[in-house]
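model.csv (CSV, C-alpha atoms and all ligand atoms)
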chain,number,residue,atom,x,y,z
A,505,MET,CA,-8.4,17.9,15.6
A,506,LYS,CA,-10.8,15.4,14.2
A,507,ILE,CA,-13.2,13.2,16.2
A,508,THR,CA,-15.1,10.3,14.8
A,509,VAL,CA,-18.0,9.0,17.0
A,510,ILE,CA,-19.7,5.6,16.6
A,511,ASN,CA,-22.9,5.5,18.5
A,512,GLY,CA,-24.2,2.0,19.3
A,513,THR,CA,-27.7,3.2,19.5
A,514,GLU,CA,-29.9,5.8,17.6
A,515,TYR,CA,-32.0,6.3,20.7
A,516,LYS,CA,-31.5,9.7,22.2
A,517,GLY,CA,-31.5,8.6,25.8
A,518,VAL,CA,-28.9,8.2,28.5
A,519,THR,CA,-26.1,7.0,26.2
A,520,TYR,CA,-26.7,9.9,23.9
A,521,ARG,CA,-26.6,12.4,26.8
A,522,LEU,CA,-23.3,10.9,28.2
A,523,LYS,CA,-21.8,11.2,24.7
A,524,GLU,CA,-22.9,14.8,24.4
A,525,MET,CA,-21.5,15.7,27.8
A,526,PHE,CA,-18.1,14.3,26.7
A,527,LEU,CA,-18.1,16.1,23.4
A,528,GLU,CA,-19.3,19.5,24.7
A,529,PRO,CA,-15.9,20.8,25.9
A,530,LEU,CA,-14.3,19.6,22.7
A,531,ARG,CA,-16.8,21.1,20.2
A,532,ASP,CA,-15.0,24.4,19.6
A,533,LYS,CA,-11.7,22.7,18.8
A,534,ALA,CA,-12.8,19.6,16.9
A,535,GLU,CA,-14.3,18.6,13.6
A,536,ILE,CA,-16.8,15.9,14.7
A,537,THR,CA,-18.2,13.2,12.5
A,538,GLU,CA,-20.8,10.9,13.9
A,539,PHE,CA,-22.3,7.6,12.9
A,540,TYR,CA,-25.5,6.3,14.5
A,541,LEU,CA,-26.1,2.5,14.5
A,542,PRO,CA,-28.0,0.7,13.0
A,543,ARG,CA,-28.9,3.6,10.7
A,544,ASP,CA,-25.4,4.1,9.2
A,545,CYS,CA,-24.6,0.4,9.0
A,546,PRO,CA,-27.9,-1.5,8.8
A,547,ALA,CA,-26.4,-4.8,7.6
A,548,PHE,CA,-25.0,-7.9,9.0
A,549,CYS,CA,-21.7,-9.6,7.9
A,550,ALA,CA,-22.8,-12.4,5.6
A,551,GLY,CA,-19.6,-14.4,6.4
A,552,CYS,CA,-18.5,-14.5,2.7
A,553,LYS,CA,-14.9,-13.6,3.8
A,554,VAL,CA,-14.3,-11.6,0.7
A,555,CYS,CA,-12.7,-8.9,2.8
A,556,PHE,CA,-10.2,-11.3,4.3
A,557,GLY,CA,-9.5,-13.2,1.0
A,558,LYS,CA,-9.6,-10.4,-1.5
A,559,ASP,CA,-10.3,-6.8,-0.6
A,560,GLN,CA,-12.8,-5.0,1.7
A,561,LYS,CA,-14.0,-3.0,-1.3
A,562,PHE,CA,-15.9,-6.1,-2.5
A,563,CYS,CA,-18.0,-6.4,0.7
A,564,LYS,CA,-21.7,-6.4,-0.1
A,565,ASP,CA,-22.0,-3.7,2.6
A,566,ALA,CA,-19.1,-1.5,1.3
A,567,GLN,CA,-21.4,1.4,0.8
A,568,TYR,CA,-21.8,1.6,4.6
A,569,VAL,CA,-18.5,0.2,5.8
A,570,GLN,CA,-16.2,2.4,3.6
A,571,PRO,CA,-17.4,5.8,4.8
A,572,ILE,CA,-17.0,4.6,8.4
A,573,ALA,CA,-13.6,3.1,7.6
A,574,LYS,CA,-12.5,6.4,6.1
A,575,ALA,CA,-13.7,8.5,9.0
A,576,LEU,CA,-12.0,6.2,11.5
A,577,LEU,CA,-8.7,6.5,9.6
A,578,GLU,CA,-8.9,10.3,9.4
A,579,ALA,CA,-9.8,10.9,13.1
A,580,ASP,CA,-7.3,11.8,15.8
A,581,LEU,CA,-9.7,10.6,18.5
A,582,LEU,CA,-12.3,7.8,18.2
A,583,VAL,CA,-15.3,7.7,20.5
A,584,PHE,CA,-17.4,4.5,20.8
A,585,THR,CA,-20.6,4.5,22.9
A,586,SER,CA,-23.1,1.9,23.8
A,587,PRO,CA,-25.6,1.0,26.5
A,588,ALA,CA,-25.4,-2.5,27.9
A,589,TYR,CA,-27.9,-4.7,26.2
A,590,VAL,CA,-28.1,-8.1,27.9
A,591,PHE,CA,-24.6,-7.6,29.3
A,592,HIS,CA,-23.0,-6.6,26.0
A,593,ALA,CA,-22.6,-3.8,23.5
A,594,THR,CA,-25.7,-3.4,21.3
A,595,GLY,CA,-26.3,-5.8,18.4
A,596,ALA,CA,-26.0,-2.9,16.0
A,597,MET,CA,-22.5,-2.1,17.4
A,598,LYS,CA,-21.4,-5.8,17.1
A,599,ALA,CA,-22.8,-6.0,13.6
A,600,MET,CA,-20.7,-2.9,12.6
A,601,LEU,CA,-17.6,-4.3,14.3
A,602,ASP,CA,-17.9,-7.6,12.5
A,603,HIS,CA,-17.4,-5.7,9.2
A,604,PHE,CA,-14.0,-4.6,10.5
A,605,GLY,CA,-12.7,-8.1,11.2
A,606,TYR,CA,-10.3,-7.6,8.3
A,607,ARG,CA,-8.7,-4.8,10.2
A,608,TRP,CA,-7.7,-7.0,13.1
A,609,MET,CA,-3.9,-7.5,13.5
A,610,PRO,CA,-3.8,-11.1,12.3
A,611,HIS,CA,-5.2,-9.8,9.0
A,612,ARG,CA,-4.6,-6.3,7.6
A,613,PRO,CA,-4.4,-3.6,10.4
A,614,ALA,CA,-4.2,0.0,9.3
A,615,LYS,CA,-0.9,1.5,10.4
A,616,GLU,CA,-2.7,4.8,11.3
A,617,MET,CA,-4.5,3.0,14.1
A,618,PHE,CA,-1.3,2.4,16.1
A,619,GLY,CA,-1.0,6.1,17.0
A,620,LYS,CA,-4.6,6.8,17.7
A,621,ARG,CA,-6.5,7.5,20.9
A,622,ALA,CA,-9.9,6.1,21.7
A,623,VAL,CA,-12.6,6.6,24.3
A,624,ILE,CA,-15.3,4.1,25.1
A,625,ILE,CA,-18.5,5.2,27.0
A,626,THR,CA,-21.0,2.7,28.3
A,627,GLN,CA,-23.7,2.6,30.9
A,628,ALA,CA,-26.1,0.0,32.3
A,629,LEU,CA,-29.0,0.1,34.7
A,630,GLY,CA,-27.4,-2.3,37.1
A,631,ALA,CA,-24.7,-4.5,35.5
A,632,GLY,CA,-23.0,-5.2,32.1
A,633,GLU,CA,-21.4,-1.9,31.4
A,634,GLY,CA,-17.9,-3.5,31.8
A,635,SER,CA,-18.6,-6.4,29.4
A,636,ALA,CA,-20.3,-4.0,26.9
A,637,ALA,CA,-17.1,-1.9,27.0
A,638,LYS,CA,-14.9,-4.9,26.5
A,639,ASP,CA,-16.8,-5.8,23.3
A,640,MET,CA,-15.6,-2.6,21.8
A,641,ARG,CA,-12.2,-2.6,23.4
A,642,ASP,CA,-11.4,-6.0,21.9
A,643,SER,CA,-11.8,-4.6,18.4
A,644,LEU,CA,-10.1,-1.3,19.0
A,645,SER,CA,-7.1,-3.0,20.7
A,646,TRP,CA,-6.8,-5.7,17.9
A,647,TRP,CA,-7.0,-2.9,15.4
A,648,GLY,CA,-3.7,-1.7,16.9
A,649,ILE,CA,-4.8,1.1,19.3
A,650,SER,CA,-3.0,1.1,22.6
A,651,TYR,CA,-4.4,4.3,24.1
A,652,ILE,CA,-8.0,3.4,25.0
A,653,LYS,CA,-9.8,5.1,28.0
A,654,THR,CA,-13.1,3.6,29.2
A,655,TYR,CA,-15.8,5.5,31.0
A,656,ARG,CA,-18.4,3.1,32.4
A,657,TYR,CA,-21.5,4.0,34.5
A,658,LYS,CA,-24.1,2.2,36.5
A,659,LEU,CA,-27.3,4.2,36.7
A,660,MET,CA,-28.7,2.3,39.7
A,661,GLY,CA,-32.0,4.1,39.7
A,662,ASP,CA,-33.8,4.5,36.5
A,663,ILE,CA,-33.2,4.2,32.8
A,664,LYS,CA,-34.5,7.7,32.2
A,665,TRP,CA,-32.0,10.4,32.7
A,666,GLU,CA,-34.6,12.8,34.1
A,667,ASN,CA,-35.6,10.3,36.8
A,668,LEU,CA,-32.1,9.9,38.1
A,669,PRO,CA,-31.2,11.6,41.3
A,670,GLU,CA,-29.6,15.0,40.8
A,671,LYS,CA,-26.5,13.8,42.7
A,672,LYS,CA,-26.0,10.9,40.3
A,673,ARG,CA,-26.5,13.1,37.2
A,674,SER,CA,-24.0,15.7,38.4
A,675,SER,CA,-21.3,13.1,39.4
A,676,ILE,CA,-21.6,11.5,35.9
A,677,ALA,CA,-21.4,15.0,34.3
A,678,LYS,CA,-18.4,15.9,36.3
A,679,SER,CA,-16.5,12.8,35.4
A,680,LEU,CA,-17.2,13.1,31.7
A,681,THR,CA,-16.3,16.9,31.6
A,682,ALA,CA,-13.0,16.1,33.4
A,683,ALA,CA,-12.4,13.3,30.8
A,684,ALA,CA,-13.1,15.7,27.9
A,685,LYS,CA,-10.8,18.4,29.3
A,686,LYS,CA,-8.0,15.8,29.5
A,687,PHE,CA,-8.6,14.9,25.9
A,688,ALA,CA,-8.8,18.5,24.8
A,689,SER,CA,-5.3,19.1,26.3
A,690,ILE,CA,-3.6,16.4,24.2
A,691,ASP,CA,-1.3,17.4,21.4
A,692,TYR,CA,-2.7,15.2,18.6
A,693,ARG,CA,0.2,15.9,16.3
A,694,LYS,CA,2.1,13.4,18.5
A,695,PRO,CA,0.9,9.8,18.0
A,696,ALA,CA,-0.1,7.9,21.1
A,697,HIS,CA,2.5,5.6,22.7
A,698,THR,CA,2.3,2.0,21.5
A,699,SER,CA,2.1,-0.3,24.5
A,700,LEU,CA,4.2,-3.5,25.0
A,701,ILE,CA,1.0,-5.6,24.8
A,702,THR,CA,0.2,-4.1,21.3
A,703,LYS,CA,3.8,-4.8,20.2
A,704,ALA,CA,3.7,-8.3,21.6
A,705,LYS,CA,0.5,-9.0,19.5
A,706,PHE,CA,2.2,-7.5,16.5
A,707,TYR,CA,5.3,-9.7,16.8
A,708,ALA,CA,3.2,-12.9,17.4
A,709,VAL,CA,1.2,-12.1,14.3
A,710,ARG,CA,4.5,-11.4,12.4
A,711,ILE,CA,5.7,-14.9,13.0
A,712,LEU,CA,2.3,-16.2,11.9
A,713,GLN,CA,2.4,-14.2,8.7
A,714,LYS,CA,5.9,-15.4,7.9
A,715,ASN,CA,4.8,-19.0,8.2
A,716,LEU,CA,1.7,-18.4,6.2
A,717,GLY,CA,3.8,-16.8,3.5
A,718,LYS,CA,6.1,-19.8,3.3
A,719,ARG,CA,3.1,-22.0,2.6
A,720,ASN,CA,1.4,-19.6,0.2
A,721,PRO,CA,3.2,-16.4,-1.0
A,722,GLU,CA,-0.1,-15.3,-2.7
A,723,TYR,CA,-1.9,-15.2,0.7
A,724,THR,CA,-3.6,-11.8,0.8
A,725,ASP,CA,-2.7,-10.9,4.4
A,726,TYR,CA,0.9,-12.0,4.0
A,727,LYS,CA,1.3,-9.9,0.8
A,728,TYR,CA,-0.1,-6.9,2.8
A,729,TRP,CA,2.3,-7.4,5.7
A,730,LYS,CA,5.2,-7.8,3.2
A,731,ALA,CA,4.2,-4.7,1.2
A,732,ASN,CA,4.2,-2.6,4.4
A,733,GLY,CA,7.7,-3.8,5.2
A,734,TRP,CA,6.5,-5.3,8.6
A,735,LEU,CA,8.2,-8.6,7.8
A,736,ASP,CA,11.4,-6.7,7.5
A,737,LYS,CA,12.4,-3.6,9.6
A,738,ALA,CA,9.3,-1.3,9.2
A,739,ARG,CA,6.9,-1.1,12.2
A,740,PRO,CA,3.4,0.4,12.1
A,741,TRP,CA,4.0,2.6,15.2
A,742,LYS,CA,7.0,4.2,13.6
A,743,GLN,CA,5.2,6.6,11.3
A,744,ASN,CA,6.9,9.3,9.3
B,801,LIG,C1,-32.7,-4.7,25.2
B,801,LIG,C2,-32.1,-4.1,26.4
B,801,LIG,C3,-31.2,-4.8,27.2
B,801,LIG,C4,-30.7,-4.3,28.4
B,801,LIG,N1,-29.8,-5.0,29.1
B,801,LIG,C5,-29.3,-4.5,30.3
B,801,LIG,C6,-28.4,-5.3,31.0
B,801,LIG,O1,-28.1,-6.4,30.7
B,801,LIG,N2,-28.0,-4.8,32.2
B,801,LIG,C7,-28.4,-3.5,32.6
B,801,LIG,O2,-28.0,-3.1,33.7
B,801,LIG,N3,-29.2,-2.8,31.9
B,801,LIG,C8,-29.7,-3.2,30.7
B,801,LIG,N4,-30.5,-2.4,29.9
B,801,LIG,C9,-30.6,-1.0,30.2
B,801,LIG,C10,-29.5,-0.2,29.4
B,801,LIG,O3,-28.2,-0.6,29.6
B,801,LIG,C11,-29.6,1.3,29.6
B,801,LIG,O4,-29.3,1.6,30.9
B,801,LIG,C12,-30.9,1.9,29.2
B,801,LIG,O5,-31.4,1.4,28.0
B,801,LIG,C13,-30.9,3.4,29.2
B,801,LIG,O6,-30.0,3.9,28.2
B,801,LIG,P1,-30.4,4.5,26.8
B,801,LIG,O7,-31.4,5.6,27.2
B,801,LIG,O8,-29.2,5.0,26.2
B,801,LIG,O9,-31.1,3.4,26.0
B,801,LIG,C14,-31.0,-2.9,28.7
B,801,LIG,C15,-31.9,-2.2,27.9
B,801,LIG,C16,-32.4,-2.7,26.8
B,801,LIG,C17,-33.3,-1.9,25.9
Write the structure described by the file as structure tokens, please.
Amino acid sequence: MKITVINGTEYKGVTYRLKEMFLEPLRDKAEITEFYLPRDCPAFCAGCKVCFGKDQKFCKDAQYVQPIAKALLEADLLVFTSPAYVFHATGAMKAMLDHFGYRWMPHRPAKEMFGKRAVIITQALGAGEGSAAKDMRDSLSWWGISYIKTYRYKLMGDIKWENLPEKKRSSIAKSLTAAAKKFASIDYRKPAHTSLITKAKFYAVRILQKNLGKRNPEYTDYKYWKANGWLDKARPWKQN
């Protein structure tokens, strides 16, 4: 199996440890590709919209975005991590996710995403780990992923792992090891189930695309949906 990890921070602190704890039981059965932000995508979306209007390959940051896009498509399991920074995912994570706006369902979702599984790991000193997780979940779910498990922690003590009480550290470790074992036992040859919510989003966008196509048959997203057969009988969750 292949795992792609997007780390919302380069700092090797608590978030890094939590991610390592999750990956540990999976290491001997998975090929793991990791990206650290901002290092691996040190750029902001300029708002030019060339990805929406023409093609993502024309993005000024394609050199960073394309390798991440490729690794996301190739992975069976996606892992996204971030500490809460002022109640949200890190700015570096948000900057990276902005580059994938073109992959949201109202634009050009990748059909591979509909069968993938994803894990989100966040932590905060006192509060904000939920809203930080939501920042990532919003993108993953609008990319078409239904199977998203979130592991959120409140440190409630110290921002240094070493200074946390042993009881806290071992309860977090236990929870992440159990999660990893669950993910290790999945048969990744079978795509994940597509939820009714994902299907409802798809059908709502399908109506939108049909209307857009009536107004302008040259519209980039409409042509993509048409070429995939999604305006006819094909569905992204029915892969062969
Ligand atoms: C810029 C910044 C903003 C933060 N904002 C919050 C916050 O809103 N709520 C919170 O509970 N902790 C906050 N923290 C603490 C982090 O969520 C995290 O617990 C801490 O950075 C330790 O994780 P790390 O070692 O992975 O960086 C913040 C930390 C930083 C550096």
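Remark: for ligand LIG 801 (chain B), the closest of the candidate residues A:Ala596, A:Ala683, A:Leu576, A:Ala731 is A:Ala596 (distances computed over all atoms listed in the file).
A distance search around ligand LIG 801 (chain B) (7 Å at most, all atoms listed in the file) returns the following protein and nucleic acid residues: A:Tyr515, A:Lys516, A:Gly517, A:Val518, A:Thr519, A:Tyr520, A:Pro587, A:Ala588, A:Tyr589, A:Val590, A:Phe591, A:His592, A:Gln627, A:Ala628, A:Leu629, A:Gly630, A:Ala631, A:Gly632, A:Leu659, A:Ile663, A:Lys664.
Residue neighbourhood of stretch 703-719 of chain A, excluding near-sequence residues (fewer than 5 positions): Met609, Pro610, His611, Pro613, Phe618, Ser645, Trp646, Gly648, Ser650, Thr698, Thr724, Asp725, Tyr726, Lys727, Tyr728, Trp729, Lys730, Trp734, Leu735, Asp736, Arg739, Pro740 and Trp741 of chain A, at 10 Å, using all atoms listed in the file.
At a cut-off of 12 Å from (-12.5, -4.7, -1.1), the residue set is Lys553, Val554, Cys555, Phe556, Gly557, Lys558, Asp559, Gln560, Lys561, Phe562, Cys563, Lys564, Asp565, Ala566, Gln567, Val569, Gln570, Ala573, His603, Phe604, Tyr606, Arg607, Arg612 and Thr724 of chain A (counting all atoms listed in the file).
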Output C-alpha atoms for every residue in that selection, as an mmCIF file, keeping the file's coordinate frame.
data_model
loop_
_atom_site.group_PDB
_atom_site.id
_atom_site.type_symbol
_atom_site.label_atom_id
_atom_site.label_comp_id
_atom_site.auth_asym_id
_atom_site.auth_seq_id
_atom_site.Cartn_x
_atom_site.Cartn_y
_atom_site.Cartn_z
ATOM 1 C CA LYS A 553 -14.900 -13.600 3.800
ATOM 2 C CA VAL A 554 -14.300 -11.600 0.700
ATOM 3 C CA CYS A 555 -12.700 -8.900 2.800
ATOM 4 C CA PHE A 556 -10.200 -11.300 4.300
ATOM 5 C CA GLY A 557 -9.500 -13.200 1.000
ATOM 6 C CA LYS A 558 -9.600 -10.400 -1.500
ATOM 7 C CA ASP A 559 -10.300 -6.800 -0.600
ATOM 8 C CA GLN A 560 -12.800 -5.000 1.700
ATOM 9 C CA LYS A 561 -14.000 -3.000 -1.300
ATOM 10 C CA PHE A 562 -15.900 -6.100 -2.500
ATOM 11 C CA CYS A 563 -18.000 -6.400 0.700
ATOM 12 C CA LYS A 564 -21.700 -6.400 -0.100
ATOM 13 C CA ASP A 565 -22.000 -3.700 2.600
ATOM 14 C CA ALA A 566 -19.100 -1.500 1.300
ATOM 15 C CA GLN A 567 -21.400 1.400 0.800
ATOM 16 C CA VAL A 569 -18.500 0.200 5.800
ATOM 17 C CA GLN A 570 -16.200 2.400 3.600
ATOM 18 C CA ALA A 573 -13.600 3.100 7.600
ATOM 19 C CA HIS A 603 -17.400 -5.700 9.200
ATOM 20 C CA PHE A 604 -14.000 -4.600 10.500
ATOM 21 C CA TYR A 606 -10.300 -7.600 8.300
ATOM 22 C CA ARG A 607 -8.700 -4.800 10.200
ATOM 23 C CA ARG A 612 -4.600 -6.300 7.600
ATOM 24 C CA THR A 724 -3.600 -11.800 0.800
#
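Of note, atom CA of A:Ala579 and atom CA of A:Ile676 are spaced 25.7 Å apart.
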(message) Please compute the atom CA of A:Tyr651-atom CA of A:Arg621 distance, one decimal, in Å.
(response) 5.0 Å
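Atom pair atom CA of A:Glu633 / atom CA of A:Leu680 has a distance of 15.6 Å (rounded to one decimal).
Checking A:Ala637, A:Met660, A:Ala550, A:Asp580 one by one against A:Val509, counting all atoms listed in the file, you find the shortest gap at A:Asp580.
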(message) I'd like the contact shell of stretch 530-533 of chain A - 12 Å cut-off, all atoms listed in the file, skipping same-chain residues fewer than 3 positions apart - returned as a list in words.
(response) Met505, Lys506, Ile507, Lys523, Glu524, Met525, Phe526, Leu527, Ile536, Thr537, Leu581, Leu680, Thr681, Ala682, Ala683, Ala684, Lys685, Lys686, Phe687, Ala688, Ser689, Ile690, Asp691 and Tyr692 of chain A
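Using only C-alpha atoms, the smallest distance between any of A:Ala534, A:Ile625, A:Cys549, A:Leu577 and A:Thr654 comes from A:Ile625.
The residue that comes closest to A:Gly595, out of A:Ile624, A:Met617, A:Met640, A:Val583 and on the basis of only C-alpha atoms, is A:Met640.
Between A:Trp665 and the candidates A:Glu514, A:Leu522, A:Gly634, A:Met597, the tightest atom-to-atom separation, counting all atoms listed in the file, involves A:Leu522.
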Regenerate stretch 563-579 of chain A at the level of N, CA, C and O atoms and dump it as an mmCIF file, in the coordinates of the input.
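Resulting contents of rebuild-v4.cif:
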data_model
loop_
_atom_site.group_PDB
_atom_site.id
_atom_site.type_symbol
_atom_site.label_atom_id
_atom_site.label_comp_id
_atom_site.auth_asym_id
_atom_site.auth_seq_id
_atom_site.Cartn_x
_atom_site.Cartn_y
_atom_site.Cartn_z
ATOM 1 N N CYS A 563 -16.924 -6.059 -0.280
ATOM 2 C CA CYS A 563 -18.000 -6.400 0.700
ATOM 3 C C CYS A 563 -19.319 -5.940 0.189
ATOM 4 O O CYS A 563 -19.453 -4.855 -0.364
ATOM 5 N N LYS A 564 -20.334 -6.758 0.405
ATOM 6 C CA LYS A 564 -21.700 -6.400 -0.100
ATOM 7 C C LYS A 564 -22.183 -5.130 0.654
ATOM 8 O O LYS A 564 -23.081 -4.454 0.173
ATOM 9 N N ASP A 565 -21.580 -4.831 1.807
ATOM 10 C CA ASP A 565 -22.000 -3.700 2.600
ATOM 11 C C ASP A 565 -20.981 -2.518 2.480
ATOM 12 O O ASP A 565 -20.982 -1.608 3.331
ATOM 13 N N ALA A 566 -20.144 -2.544 1.445
ATOM 14 C CA ALA A 566 -19.100 -1.500 1.300
ATOM 15 C C ALA A 566 -19.622 -0.109 1.343
ATOM 16 O O ALA A 566 -18.966 0.800 1.867
ATOM 17 N N GLN A 567 -20.818 0.079 0.835
ATOM 18 C CA GLN A 567 -21.400 1.400 0.800
ATOM 19 C C GLN A 567 -21.557 2.015 2.230
ATOM 20 O O GLN A 567 -21.525 3.238 2.405
ATOM 21 N N TYR A 568 -21.729 1.114 3.223
ATOM 22 C CA TYR A 568 -21.800 1.600 4.600
ATOM 23 C C TYR A 568 -20.453 1.546 5.300
ATOM 24 O O TYR A 568 -20.120 2.444 6.065
ATOM 25 N N VAL A 569 -19.725 0.467 5.033
ATOM 26 C CA VAL A 569 -18.500 0.200 5.800
ATOM 27 C C VAL A 569 -17.377 1.218 5.343
ATOM 28 O O VAL A 569 -16.659 1.738 6.201
ATOM 29 N N GLN A 570 -17.295 1.494 4.043
ATOM 30 C CA GLN A 570 -16.200 2.400 3.600
ATOM 31 C C GLN A 570 -16.233 3.774 4.159
ATOM 32 O O GLN A 570 -15.190 4.280 4.571
ATOM 33 N N PRO A 571 -17.389 4.443 4.203
ATOM 34 C CA PRO A 571 -17.400 5.800 4.800
ATOM 35 C C PRO A 571 -16.990 5.742 6.302
ATOM 36 O O PRO A 571 -16.302 6.640 6.790
ATOM 37 N N ILE A 572 -17.395 4.688 7.008
ATOM 38 C CA ILE A 572 -17.000 4.600 8.400
ATOM 39 C C ILE A 572 -15.498 4.329 8.502
ATOM 40 O O ILE A 572 -14.788 4.964 9.294
ATOM 41 N N ALA A 573 -15.000 3.437 7.640
ATOM 42 C CA ALA A 573 -13.600 3.100 7.600
ATOM 43 C C ALA A 573 -12.747 4.408 7.374
ATOM 44 O O ALA A 573 -11.736 4.663 8.039
ATOM 45 N N LYS A 574 -13.200 5.204 6.434
ATOM 46 C CA LYS A 574 -12.500 6.400 6.100
ATOM 47 C C LYS A 574 -12.479 7.414 7.267
ATOM 48 O O LYS A 574 -11.434 7.964 7.622
ATOM 49 N N ALA A 575 -13.629 7.578 7.895
ATOM 50 C CA ALA A 575 -13.700 8.500 9.000
ATOM 51 C C ALA A 575 -12.875 8.022 10.214
ATOM 52 O O ALA A 575 -12.295 8.834 10.944
ATOM 53 N N LEU A 576 -12.803 6.718 10.399
ATOM 54 C CA LEU A 576 -12.000 6.200 11.500
ATOM 55 C C LEU A 576 -10.493 6.463 11.217
ATOM 56 O O LEU A 576 -9.745 6.847 12.112
ATOM 57 N N LEU A 577 -10.092 6.300 9.967
ATOM 58 C CA LEU A 577 -8.700 6.500 9.600
ATOM 59 C C LEU A 577 -8.304 7.994 9.726
ATOM 60 O O LEU A 577 -7.177 8.319 10.095
ATOM 61 N N GLU A 578 -9.242 8.878 9.406
ATOM 62 C CA GLU A 578 -8.900 10.300 9.400
ATOM 63 C C GLU A 578 -8.946 10.947 10.792
ATOM 64 O O GLU A 578 -8.390 12.015 10.993
ATOM 65 N N ALA A 579 -9.597 10.287 11.741
ATOM 66 C CA ALA A 579 -9.800 10.900 13.100
ATOM 67 C C ALA A 579 -8.531 10.825 13.946
ATOM 68 O O ALA A 579 -7.746 9.882 13.844
#
